[in-house]
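Engineer: I am sharing final25.tsv, which consists of TSV, N, CA and C atoms:
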chain	number	residue	atom	x	y	z
A	21	MET	N	16.57	-0.60	-4.05
A	21	MET	CA	17.19	-1.91	-4.08
A	21	MET	C	18.39	-1.91	-5.03
A	22	TRP	N	18.29	-1.14	-6.10
A	22	TRP	CA	19.39	-1.06	-7.05
A	22	TRP	C	20.64	-0.53	-6.35
A	23	PHE	N	20.44	0.50	-5.52
A	23	PHE	CA	21.57	1.09	-4.81
A	23	PHE	C	22.20	0.09	-3.83
A	24	TYR	N	21.37	-0.66	-3.13
A	24	TYR	CA	21.89	-1.65	-2.20
A	24	TYR	C	22.69	-2.72	-2.93
A	25	ARG	N	22.23	-3.14	-4.08
A	25	ARG	CA	22.97	-4.13	-4.86
A	25	ARG	C	24.33	-3.58	-5.31
A	26	ARG	N	24.35	-2.33	-5.71
A	26	ARG	CA	25.61	-1.71	-6.10
A	26	ARG	C	26.55	-1.58	-4.90
A	27	LEU	N	26.00	-1.24	-3.75
A	27	LEU	CA	26.78	-1.08	-2.53
A	27	LEU	C	27.47	-2.38	-2.14
A	28	LEU	N	26.77	-3.48	-2.28
A	28	LEU	CA	27.33	-4.79	-1.93
A	28	LEU	C	28.07	-5.45	-3.08
A	29	ARG	N	28.12	-4.78	-4.23
A	29	ARG	CA	28.78	-5.30	-5.44
A	29	ARG	C	28.18	-6.65	-5.86
A	30	ILE	N	26.86	-6.68	-5.89
A	30	ILE	CA	26.15	-7.88	-6.32
A	30	ILE	C	25.70	-7.67	-7.76
A	31	SER	N	26.08	-8.56	-8.63
A	31	SER	CA	25.71	-8.46	-10.03
A	31	SER	C	24.22	-8.72	-10.20
A	32	TRP	N	23.65	-8.13	-11.21
A	32	TRP	CA	22.23	-8.35	-11.48
A	32	TRP	C	21.99	-9.78	-11.94
A	33	ARG	N	23.06	-10.47	-12.38
A	33	ARG	CA	22.92	-11.84	-12.83
A	33	ARG	C	22.87	-12.84	-11.69
A	34	GLU	N	23.32	-12.41	-10.51
A	34	GLU	CA	23.22	-13.30	-9.35
A	34	GLU	C	21.76	-13.39	-8.91
A	35	ARG	N	21.34	-14.59	-8.63
A	35	ARG	CA	19.94	-14.78	-8.28
A	35	ARG	C	19.77	-14.63	-6.78
A	36	ARG	N	19.71	-13.37	-6.34
A	36	ARG	CA	19.53	-13.05	-4.94
A	36	ARG	C	18.20	-12.34	-4.77
A	37	THR	N	17.47	-12.68	-3.75
A	37	THR	CA	16.20	-12.00	-3.50
A	37	THR	C	16.46	-10.67	-2.82
A	38	ASP	N	15.50	-9.77	-2.97
A	38	ASP	CA	15.60	-8.48	-2.30
A	38	ASP	C	15.63	-8.66	-0.79
A	39	GLN	N	14.87	-9.63	-0.30
A	39	GLN	CA	14.82	-9.87	1.13
A	39	GLN	C	16.19	-10.28	1.68
A	40	SER	N	16.93	-11.11	0.94
A	40	SER	CA	18.25	-11.54	1.41
A	40	SER	C	19.23	-10.37	1.46
A	41	ILE	N	19.10	-9.46	0.52
A	41	ILE	CA	19.97	-8.28	0.51
A	41	ILE	C	19.63	-7.37	1.68
A	42	LEU	N	18.34	-7.19	1.94
A	42	LEU	CA	17.94	-6.36	3.08
A	42	LEU	C	18.40	-6.97	4.40
A	43	GLU	N	18.34	-8.28	4.51
A	43	GLU	CA	18.81	-8.95	5.72
A	43	GLU	C	20.31	-8.78	5.89
A	44	GLU	N	21.05	-8.84	4.81
A	44	GLU	CA	22.50	-8.67	4.89
A	44	GLU	C	22.87	-7.28	5.36
A	45	LEU	N	22.08	-6.29	4.99
A	45	LEU	CA	22.34	-4.91	5.39
A	45	LEU	C	21.63	-4.51	6.69
A	46	ASN	N	20.86	-5.43	7.24
A	46	ASN	CA	20.04	-5.13	8.43
A	46	ASN	C	19.12	-3.93	8.19
A	47	GLU	N	18.49	-3.92	7.06
A	47	GLU	CA	17.56	-2.85	6.68
A	47	GLU	C	16.16	-3.44	6.56
A	48	GLU	N	15.18	-2.57	6.45
A	48	GLU	CA	13.80	-2.99	6.21
A	48	GLU	C	13.21	-2.09	5.14
A	49	ARG	N	12.12	-2.54	4.58
A	49	ARG	CA	11.46	-1.78	3.52
A	49	ARG	C	10.65	-0.66	4.14
A	50	LYS	N	11.11	0.56	3.94
A	50	LYS	CA	10.43	1.72	4.51
A	50	LYS	C	9.45	2.33	3.53
A	51	LEU	N	9.71	2.16	2.26
A	51	LEU	CA	8.88	2.78	1.24
A	51	LEU	C	7.47	2.20	1.22
A	52	LEU	N	7.33	0.92	1.49
A	52	LEU	CA	6.01	0.29	1.46
A	52	LEU	C	5.07	0.90	2.49
A	53	ASN	N	5.57	1.19	3.68
A	53	ASN	CA	4.73	1.79	4.70
A	53	ASN	C	4.33	3.21	4.31
A	54	TYR	N	5.23	3.92	3.66
A	54	TYR	CA	4.92	5.26	3.18
A	54	TYR	C	3.82	5.20	2.12
A	55	ILE	N	3.91	4.22	1.24
A	55	ILE	CA	2.90	4.07	0.19
A	55	ILE	C	1.55	3.71	0.81
A	56	LYS	N	1.54	2.84	1.81
A	56	LYS	CA	0.29	2.49	2.48
A	56	LYS	C	-0.37	3.71	3.08
A	57	LYS	N	0.41	4.54	3.72
A	57	LYS	CA	-0.14	5.73	4.35
A	57	LYS	C	-0.71	6.68	3.30
A	58	ARG	N	0.03	6.91	2.23
A	58	ARG	CA	-0.43	7.84	1.19
A	58	ARG	C	-1.69	7.33	0.49
A	59	LYS	N	-1.72	6.05	0.17
A	59	LYS	CA	-2.90	5.48	-0.48
A	59	LYS	C	-4.13	5.54	0.42
A	60	SER	N	-3.94	5.25	1.69
A	60	SER	CA	-5.07	5.25	2.62
A	60	SER	C	-5.62	6.66	2.83
A	61	THR	N	-4.74	7.64	2.99
A	61	THR	CA	-5.22	9.00	3.19
A	61	THR	C	-5.90	9.53	1.94
A	62	PHE	N	-5.37	9.21	0.77
A	62	PHE	CA	-5.99	9.66	-0.48
A	62	PHE	C	-7.35	9.00	-0.67
A	63	PHE	N	-7.45	7.73	-0.32
A	63	PHE	CA	-8.72	7.02	-0.44
A	63	PHE	C	-9.78	7.65	0.46
A	64	GLY	N	-9.40	7.96	1.70
A	64	GLY	CA	-10.33	8.60	2.62
A	64	GLY	C	-10.75	9.98	2.12
A	65	HIS	N	-9.80	10.72	1.58
A	65	HIS	CA	-10.09	12.05	1.06
A	65	HIS	C	-11.09	12.00	-0.09
A	66	THR	N	-10.88	11.10	-1.02
A	66	THR	CA	-11.78	11.04	-2.18
A	66	THR	C	-13.15	10.48	-1.81
A	67	CYS	N	-13.20	9.57	-0.85
A	67	CYS	CA	-14.51	9.03	-0.44
A	67	CYS	C	-15.34	10.07	0.30
A	68	ARG	N	-14.69	11.01	0.95
A	68	ARG	CA	-15.43	12.07	1.64
A	68	ARG	C	-15.81	13.21	0.71
A	69	SER	N	-15.17	13.29	-0.46
A	69	SER	CA	-15.45	14.41	-1.37
A	69	SER	C	-16.80	14.24	-2.06
A	70	LYS	N	-17.22	15.29	-2.74
A	70	LYS	CA	-18.52	15.26	-3.41
A	70	LYS	C	-18.41	14.75	-4.86
A	71	CYS	N	-17.21	14.55	-5.34
A	71	CYS	CA	-16.99	14.09	-6.72
A	71	CYS	C	-17.33	12.60	-6.82
A	72	THR	N	-18.46	12.29	-7.43
A	72	THR	CA	-18.90	10.90	-7.50
A	72	THR	C	-18.10	10.10	-8.53
A	73	LEU	N	-17.62	10.76	-9.59
A	73	LEU	CA	-16.83	10.05	-10.60
A	73	LEU	C	-15.57	9.47	-9.99
A	74	MET	N	-14.85	10.27	-9.21
A	74	MET	CA	-13.62	9.80	-8.58
A	74	MET	C	-13.91	8.66	-7.60
A	75	LYS	N	-14.99	8.77	-6.85
A	75	LYS	CA	-15.37	7.71	-5.92
A	75	LYS	C	-15.62	6.41	-6.65
A	76	ASN	N	-16.37	6.48	-7.75
A	76	ASN	CA	-16.69	5.28	-8.51
A	76	ASN	C	-15.45	4.62	-9.10
A	77	ILE	N	-14.52	5.43	-9.56
A	77	ILE	CA	-13.29	4.89	-10.14
A	77	ILE	C	-12.47	4.18	-9.07
A	78	LEU	N	-12.29	4.82	-7.92
A	78	LEU	CA	-11.48	4.21	-6.86
A	78	LEU	C	-12.13	2.98	-6.26
A	79	GLN	N	-13.45	2.96	-6.22
A	79	GLN	CA	-14.14	1.82	-5.64
A	79	GLN	C	-14.36	0.71	-6.65
A	80	GLY	N	-13.98	0.94	-7.91
A	80	GLY	CA	-14.09	-0.10	-8.93
A	80	GLY	C	-15.51	-0.33	-9.40
A	81	LYS	N	-16.33	0.69	-9.40
A	81	LYS	CA	-17.73	0.54	-9.79
A	81	LYS	C	-18.00	1.04	-11.21
A	82	MET	N	-17.03	0.96	-12.07
A	82	MET	CA	-17.21	1.43	-13.44
A	82	MET	C	-17.98	0.38	-14.24
A	83	GLU	N	-18.86	0.85	-15.10
A	83	GLU	CA	-19.65	-0.06	-15.92
A	83	GLU	C	-18.87	-0.45	-17.16
A	84	GLY	N	-19.27	-1.55	-17.74
A	84	GLY	CA	-18.63	-2.01	-18.96
A	84	GLY	C	-18.11	-3.42	-18.79
A	85	LYS	N	-17.54	-3.93	-19.86
A	85	LYS	CA	-17.02	-5.29	-19.83
A	85	LYS	C	-15.64	-5.31	-19.20
A	86	ARG	N	-15.40	-6.36	-18.46
A	86	ARG	CA	-14.09	-6.57	-17.87
A	86	ARG	C	-13.19	-7.23	-18.90
A	87	GLN	N	-11.92	-6.84	-18.90
A	87	GLN	CA	-10.97	-7.44	-19.82
A	87	GLN	C	-10.68	-8.87	-19.42
A	88	ARG	N	-10.14	-9.63	-20.38
A	88	ARG	CA	-9.75	-11.00	-20.11
A	88	ARG	C	-8.57	-11.04	-19.17
A	89	GLY	N	-8.41	-12.18	-18.50
A	89	GLY	CA	-7.24	-12.39	-17.66
A	89	GLY	C	-7.51	-12.10	-16.20
A	90	ARG	N	-6.44	-11.89	-15.51
A	90	ARG	CA	-6.51	-11.67	-14.06
A	90	ARG	C	-7.19	-10.35	-13.76
A	91	PRO	N	-8.11	-10.33	-12.79
A	91	PRO	CA	-8.76	-9.07	-12.43
A	91	PRO	C	-7.74	-8.08	-11.85
A	92	ARG	N	-7.92	-6.83	-12.20
A	92	ARG	CA	-7.01	-5.81	-11.70
A	92	ARG	C	-7.27	-5.53	-10.23
A	93	ILE	N	-6.21	-5.17	-9.53
A	93	ILE	CA	-6.35	-4.82	-8.13
A	93	ILE	C	-6.74	-3.35	-8.06
A	94	ASN	N	-7.81	-3.06	-7.34
A	94	ASN	CA	-8.20	-1.67	-7.17
A	94	ASN	C	-7.78	-1.17	-5.79
A	95	TYR	N	-8.02	0.10	-5.53
A	95	TYR	CA	-7.62	0.69	-4.26
A	95	TYR	C	-8.23	-0.07	-3.09
A	96	PHE	N	-9.47	-0.43	-3.23
A	96	PHE	CA	-10.18	-1.05	-2.13
A	96	PHE	C	-9.60	-2.41	-1.77
A	97	ASP	N	-9.06	-3.12	-2.76
A	97	ASP	CA	-8.43	-4.41	-2.49
A	97	ASP	C	-7.19	-4.26	-1.61
A	98	ASN	N	-6.56	-3.10	-1.65
A	98	ASN	CA	-5.41	-2.83	-0.78
A	98	ASN	C	-5.85	-2.35	0.59
A	99	ILE	N	-6.88	-1.53	0.66
A	99	ILE	CA	-7.29	-0.91	1.91
A	99	ILE	C	-7.86	-1.94	2.89
A	100	LYS	N	-8.63	-2.89	2.40
A	100	LYS	CA	-9.27	-3.86	3.29
A	100	LYS	C	-8.28	-4.68	4.12
A	101	PRO	N	-7.23	-5.26	3.56
A	101	PRO	CA	-6.31	-6.02	4.41
A	101	PRO	C	-5.50	-5.12	5.35
A	102	TRP	N	-5.21	-3.89	4.93
A	102	TRP	CA	-4.43	-3.00	5.79
A	102	TRP	C	-5.20	-2.62	7.04
A	103	THR	N	-6.52	-2.38	6.89
A	103	THR	CA	-7.32	-1.96	8.03
A	103	THR	C	-7.95	-3.14	8.76
A	104	GLN	N	-8.05	-4.28	8.10
A	104	GLN	CA	-8.67	-5.49	8.65
A	104	GLN	C	-10.12	-5.22	9.06
A	105	MET	N	-10.84	-4.53	8.17
A	105	MET	CA	-12.24	-4.19	8.41
A	105	MET	C	-13.07	-4.62	7.20
A	106	THR	N	-14.38	-4.69	7.42
A	106	THR	CA	-15.28	-4.98	6.31
A	106	THR	C	-15.55	-3.71	5.52
A	107	THR	N	-16.15	-3.87	4.36
A	107	THR	CA	-16.44	-2.73	3.50
A	107	THR	C	-17.32	-1.72	4.21
A	108	ARG	N	-18.37	-2.17	4.84
A	108	ARG	CA	-19.30	-1.27	5.53
A	108	ARG	C	-18.60	-0.51	6.65
A	109	GLU	N	-17.76	-1.20	7.41
A	109	GLU	CA	-17.04	-0.55	8.51
A	109	GLU	C	-16.08	0.51	7.99
A	110	ILE	N	-15.43	0.22	6.87
A	110	ILE	CA	-14.50	1.20	6.30
A	110	ILE	C	-15.24	2.46	5.89
A	111	TYR	N	-16.38	2.32	5.21
A	111	TYR	CA	-17.12	3.50	4.78
A	111	TYR	C	-17.66	4.29	5.96
A	112	ASP	N	-18.03	3.63	7.03
A	112	ASP	CA	-18.49	4.35	8.22
A	112	ASP	C	-17.36	5.14	8.86
A	113	VAL	N	-16.18	4.55	8.91
A	113	VAL	CA	-15.03	5.22	9.53
A	113	VAL	C	-14.50	6.36	8.66
A	114	ILE	N	-14.53	6.19	7.35
A	114	ILE	CA	-14.00	7.21	6.44
A	114	ILE	C	-14.76	8.53	6.59
A	115	LEU	N	-16.04	8.46	6.86
A	115	LEU	CA	-16.83	9.69	6.99
A	115	LEU	C	-16.39	10.54	8.17
A	116	GLU	N	-15.78	9.94	9.16
A	116	GLU	CA	-15.24	10.69	10.29
A	116	GLU	C	-13.73	10.82	10.09
A	117	ARG	N	-13.31	11.99	9.67
A	117	ARG	CA	-11.92	12.20	9.25
A	117	ARG	C	-10.91	11.88	10.35
A	118	ASP	N	-11.15	12.36	11.56
A	118	ASP	CA	-10.20	12.14	12.65
A	118	ASP	C	-10.06	10.66	12.98
A	119	VAL	N	-11.16	9.95	12.96
A	119	VAL	CA	-11.12	8.50	13.25
A	119	VAL	C	-10.35	7.78	12.15
A	120	TRP	N	-10.56	8.17	10.89
A	120	TRP	CA	-9.86	7.54	9.76
A	120	TRP	C	-8.36	7.79	9.85
A	121	ARG	N	-7.97	9.03	10.19
A	121	ARG	CA	-6.55	9.35	10.32
A	121	ARG	C	-5.91	8.48	11.40
A	122	GLN	N	-6.60	8.33	12.52
A	122	GLN	CA	-6.09	7.48	13.60
A	122	GLN	C	-5.95	6.04	13.14
A	123	MET	N	-6.91	5.58	12.37
A	123	MET	CA	-6.89	4.22	11.85
A	123	MET	C	-5.70	4.01	10.91
A	124	VAL	N	-5.43	4.98	10.05
A	124	VAL	CA	-4.30	4.88	9.12
A	124	VAL	C	-2.99	4.84	9.90
A	125	HIS	N	-2.84	5.70	10.89
A	125	HIS	CA	-1.62	5.71	11.69
A	125	HIS	C	-1.42	4.38	12.41
A	126	GLU	N	-2.49	3.81	12.92
A	126	GLU	CA	-2.38	2.51	13.59
A	126	GLU	C	-2.00	1.41	12.62
A	127	ALA	N	-2.55	1.45	11.40
A	127	ALA	CA	-2.23	0.42	10.40
A	127	ALA	C	-0.76	0.51	9.99
A	128	VAL	N	-0.25	1.72	9.82
A	128	VAL	CA	1.15	1.89	9.44
A	128	VAL	C	2.05	1.49	10.60
A	129	ARG	N	1.67	1.84	11.82
A	129	ARG	CA	2.46	1.47	12.99
A	129	ARG	C	2.50	-0.06	13.13
A	130	ALA	N	1.37	-0.73	12.90
A	130	ALA	CA	1.33	-2.19	12.98
A	130	ALA	C	2.21	-2.81	11.89
A	131	ALA	N	2.21	-2.21	10.70
A	131	ALA	CA	3.07	-2.72	9.62
A	131	ALA	C	4.54	-2.55	9.98
A	132	ASN	N	4.89	-1.46	10.66
A	132	ASN	CA	6.28	-1.26	11.09
A	132	ASN	C	6.68	-2.30	12.11
A	133	VAL	N	5.80	-2.60	13.04
A	133	VAL	CA	6.11	-3.61	14.06
A	133	VAL	C	6.25	-4.97	13.43
A	134	LEU	N	5.34	-5.33	12.52
A	134	LEU	CA	5.44	-6.64	11.85
A	134	LEU	C	6.69	-6.72	11.01
A	135	GLY	N	7.06	-5.62	10.35
A	135	GLY	CA	8.27	-5.60	9.52
A	135	GLY	C	9.52	-5.77	10.34
A	136	SER	N	9.57	-5.15	11.54
A	136	SER	CA	10.76	-5.28	12.37
A	136	SER	C	10.83	-6.66	13.02
A	137	ASP	N	9.68	-7.31	13.27
A	137	ASP	CA	9.69	-8.67	13.84
A	137	ASP	C	10.17	-9.69	12.81
A	138	ALA	N	9.87	-9.45	11.53
A	138	ALA	CA	10.25	-10.42	10.50
A	138	ALA	C	11.74	-10.41	10.26
A	139	GLY	N	12.42	-9.28	10.51
A	139	GLY	CA	13.85	-9.16	10.22
A	139	GLY	C	14.72	-9.62	11.29
Show me, as structure tokens, the structure contained in the file I just sent.
Structural biologist:
Amino acid sequence: MWFYRRLLRISWRERRTDQSILEELNEERKLLNYIKKRKSTFFGHTCRSKCTLMKNILQGKMEGKRQRGRPRINYFDNIKPWTQMTTREIYDVILERDVWRQMVHEAVRAANVLGSDAG
């Protein structure tokens, strides 16, 4: 976004949203879909592994007191809306690697279609 602002000679003091700049350039956010794909594949990989510590950390099952303030977003809070599945369904699908890969590709493809419709 910094590069786009420089390209259009927009000062950082101008109160312009990133979305308005992307619309002016007829661009879309490509990095977000890449991040979704990487996070989803990594989540599936760690849930299938035998390392229970990593699974507990990613699933947010660590013991202890929670800090004050807003609860932190964990990996699972991102995965659920992207796949539009329940927790149990996600864990069942993750165990089958090929099915999970197909699911991730479909979620990213759907995000690309929604992103292009919004612009």
Engineer: Work out how far apart CA of Trp22 in chain A and CA of Arg90 in chain A are and give it in Å to one decimal.
Structural biologist: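 Going from CA of Trp22 in chain A over to CA of Arg90 in chain A, I get 28.9 Å.
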Engineer: Tell me which protein, DNA and RNA residues are within 9 Å of Gln39 in chain A, counting only C-alpha atoms, leaving out same-chain ones fewer than 4 positions away, and put them as a ChimeraX atom specification.
Structural biologist: /A:43-44,48
Engineer: Grab the atom C of Lys56 in chain A to atom C of Asp38 in chain A distance for me, in Å with one decimal place.
Structural biologist: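 Interatomic distance here is 20.6 Å.
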Engineer: Could you name the residues that touch range 28-33 of chain A at 12 Å or less, counting only C-alpha atoms, but leaving out those on the same chain fewer than 6 positions away, as a list in words?
Structural biologist: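 With the cut-off at 12 Å, the set is Met21, Trp22, Ser40, Ile41, Leu42, Glu44 and Leu45 of chain A.
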Engineer: Would you place a box with edges along x, y and z of the file around all atoms of range 28-40 of chain A listed there, add 4 Å to each of its six sides, and report the centre and edge lengths in Å to one decimal, as AutoDock Vina command-line options?
Structural biologist:
--center_x 21.8 --center_y -9.1 --center_z -5.6 --size_x 22.0 --size_y 19.3 --size_z 22.5
Engineer: So the first atom is CA of Tyr24 in chain A and the second is CA of Trp102 in chain A; what is the distance between them in Å, to one decimal place?
Structural biologist: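 It comes out at 27.5 Å.
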Engineer: Write out as a PyMOL selection string all residues of chain A that DSSP puts in helix (DSSP H, G or I) for this structure's backbone.
Structural biologist: chain A and resi 22-27+38-45+51-68+72-79+95-103+107-114+117-138
Engineer: Go through A:Arg26, A:Ser60, A:Val124, A:Glu34 and flag the residue nearest Asn98 in chain A, using all atoms listed in the file for the distances.
Structural biologist: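 Of A:Arg26, A:Ser60, A:Val124, A:Glu34, the one nearest Asn98 in chain A, counting all atoms listed in the file, is A:Ser60.
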Engineer: Looking at only C-alpha atoms, which of A:His125, A:Arg117, A:Lys59, A:Lys70 is the one that sits closest to Asp97 in chain A?
Structural biologist: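 Distance minimum relative to Asp97 in chain A lands on A:Lys59.
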Engineer: For range 116-130 of chain A, supply N, CA, C and O atoms and report the output as a short mmCIF file (atom, residue, chain, number, x, y, z; two decimals), keeping the file's coordinate frame.
Structural biologist:
data_model
loop_
_atom_site.label_atom_id
_atom_site.label_comp_id
_atom_site.auth_asym_id
_atom_site.auth_seq_id
_atom_site.Cartn_x
_atom_site.Cartn_y
_atom_site.Cartn_z
N GLU A 116 -15.78 9.94 9.16
CA GLU A 116 -15.24 10.69 10.29
C GLU A 116 -13.73 10.82 10.09
O GLU A 116 -12.97 9.88 10.32
N ARG A 117 -13.31 11.99 9.67
CA ARG A 117 -11.92 12.20 9.25
C ARG A 117 -10.91 11.88 10.35
O ARG A 117 -9.89 11.23 10.11
N ASP A 118 -11.15 12.36 11.56
CA ASP A 118 -10.20 12.14 12.65
C ASP A 118 -10.06 10.66 12.98
O ASP A 118 -8.95 10.18 13.25
N VAL A 119 -11.16 9.95 12.96
CA VAL A 119 -11.12 8.50 13.25
C VAL A 119 -10.35 7.78 12.15
O VAL A 119 -9.55 6.88 12.42
N TRP A 120 -10.56 8.17 10.89
CA TRP A 120 -9.86 7.54 9.76
C TRP A 120 -8.36 7.79 9.85
O TRP A 120 -7.55 6.91 9.63
N ARG A 121 -7.97 9.03 10.19
CA ARG A 121 -6.55 9.35 10.32
C ARG A 121 -5.91 8.48 11.40
O ARG A 121 -4.81 7.96 11.22
N GLN A 122 -6.60 8.33 12.52
CA GLN A 122 -6.09 7.48 13.60
C GLN A 122 -5.95 6.04 13.14
O GLN A 122 -4.97 5.37 13.45
N MET A 123 -6.91 5.58 12.37
CA MET A 123 -6.89 4.22 11.85
C MET A 123 -5.70 4.01 10.91
O MET A 123 -5.02 2.97 10.98
N VAL A 124 -5.43 4.98 10.05
CA VAL A 124 -4.30 4.88 9.12
C VAL A 124 -2.99 4.84 9.90
O VAL A 124 -2.11 4.03 9.61
N HIS A 125 -2.84 5.70 10.89
CA HIS A 125 -1.62 5.71 11.69
C HIS A 125 -1.42 4.38 12.41
O HIS A 125 -0.30 3.87 12.49
N GLU A 126 -2.49 3.81 12.92
CA GLU A 126 -2.38 2.51 13.59
C GLU A 126 -2.00 1.41 12.62
O GLU A 126 -1.20 0.53 12.95
N ALA A 127 -2.55 1.45 11.40
CA ALA A 127 -2.23 0.42 10.40
C ALA A 127 -0.76 0.51 9.99
O ALA A 127 -0.08 -0.51 9.86
N VAL A 128 -0.25 1.72 9.82
CA VAL A 128 1.15 1.89 9.44
C VAL A 128 2.05 1.49 10.60
O VAL A 128 3.07 0.83 10.40
N ARG A 129 1.67 1.84 11.82
CA ARG A 129 2.46 1.47 12.99
C ARG A 129 2.50 -0.06 13.13
O ARG A 129 3.54 -0.64 13.42
N ALA A 130 1.37 -0.73 12.90
CA ALA A 130 1.33 -2.19 12.98
C ALA A 130 2.21 -2.81 11.89
O ALA A 130 2.88 -3.81 12.12
#
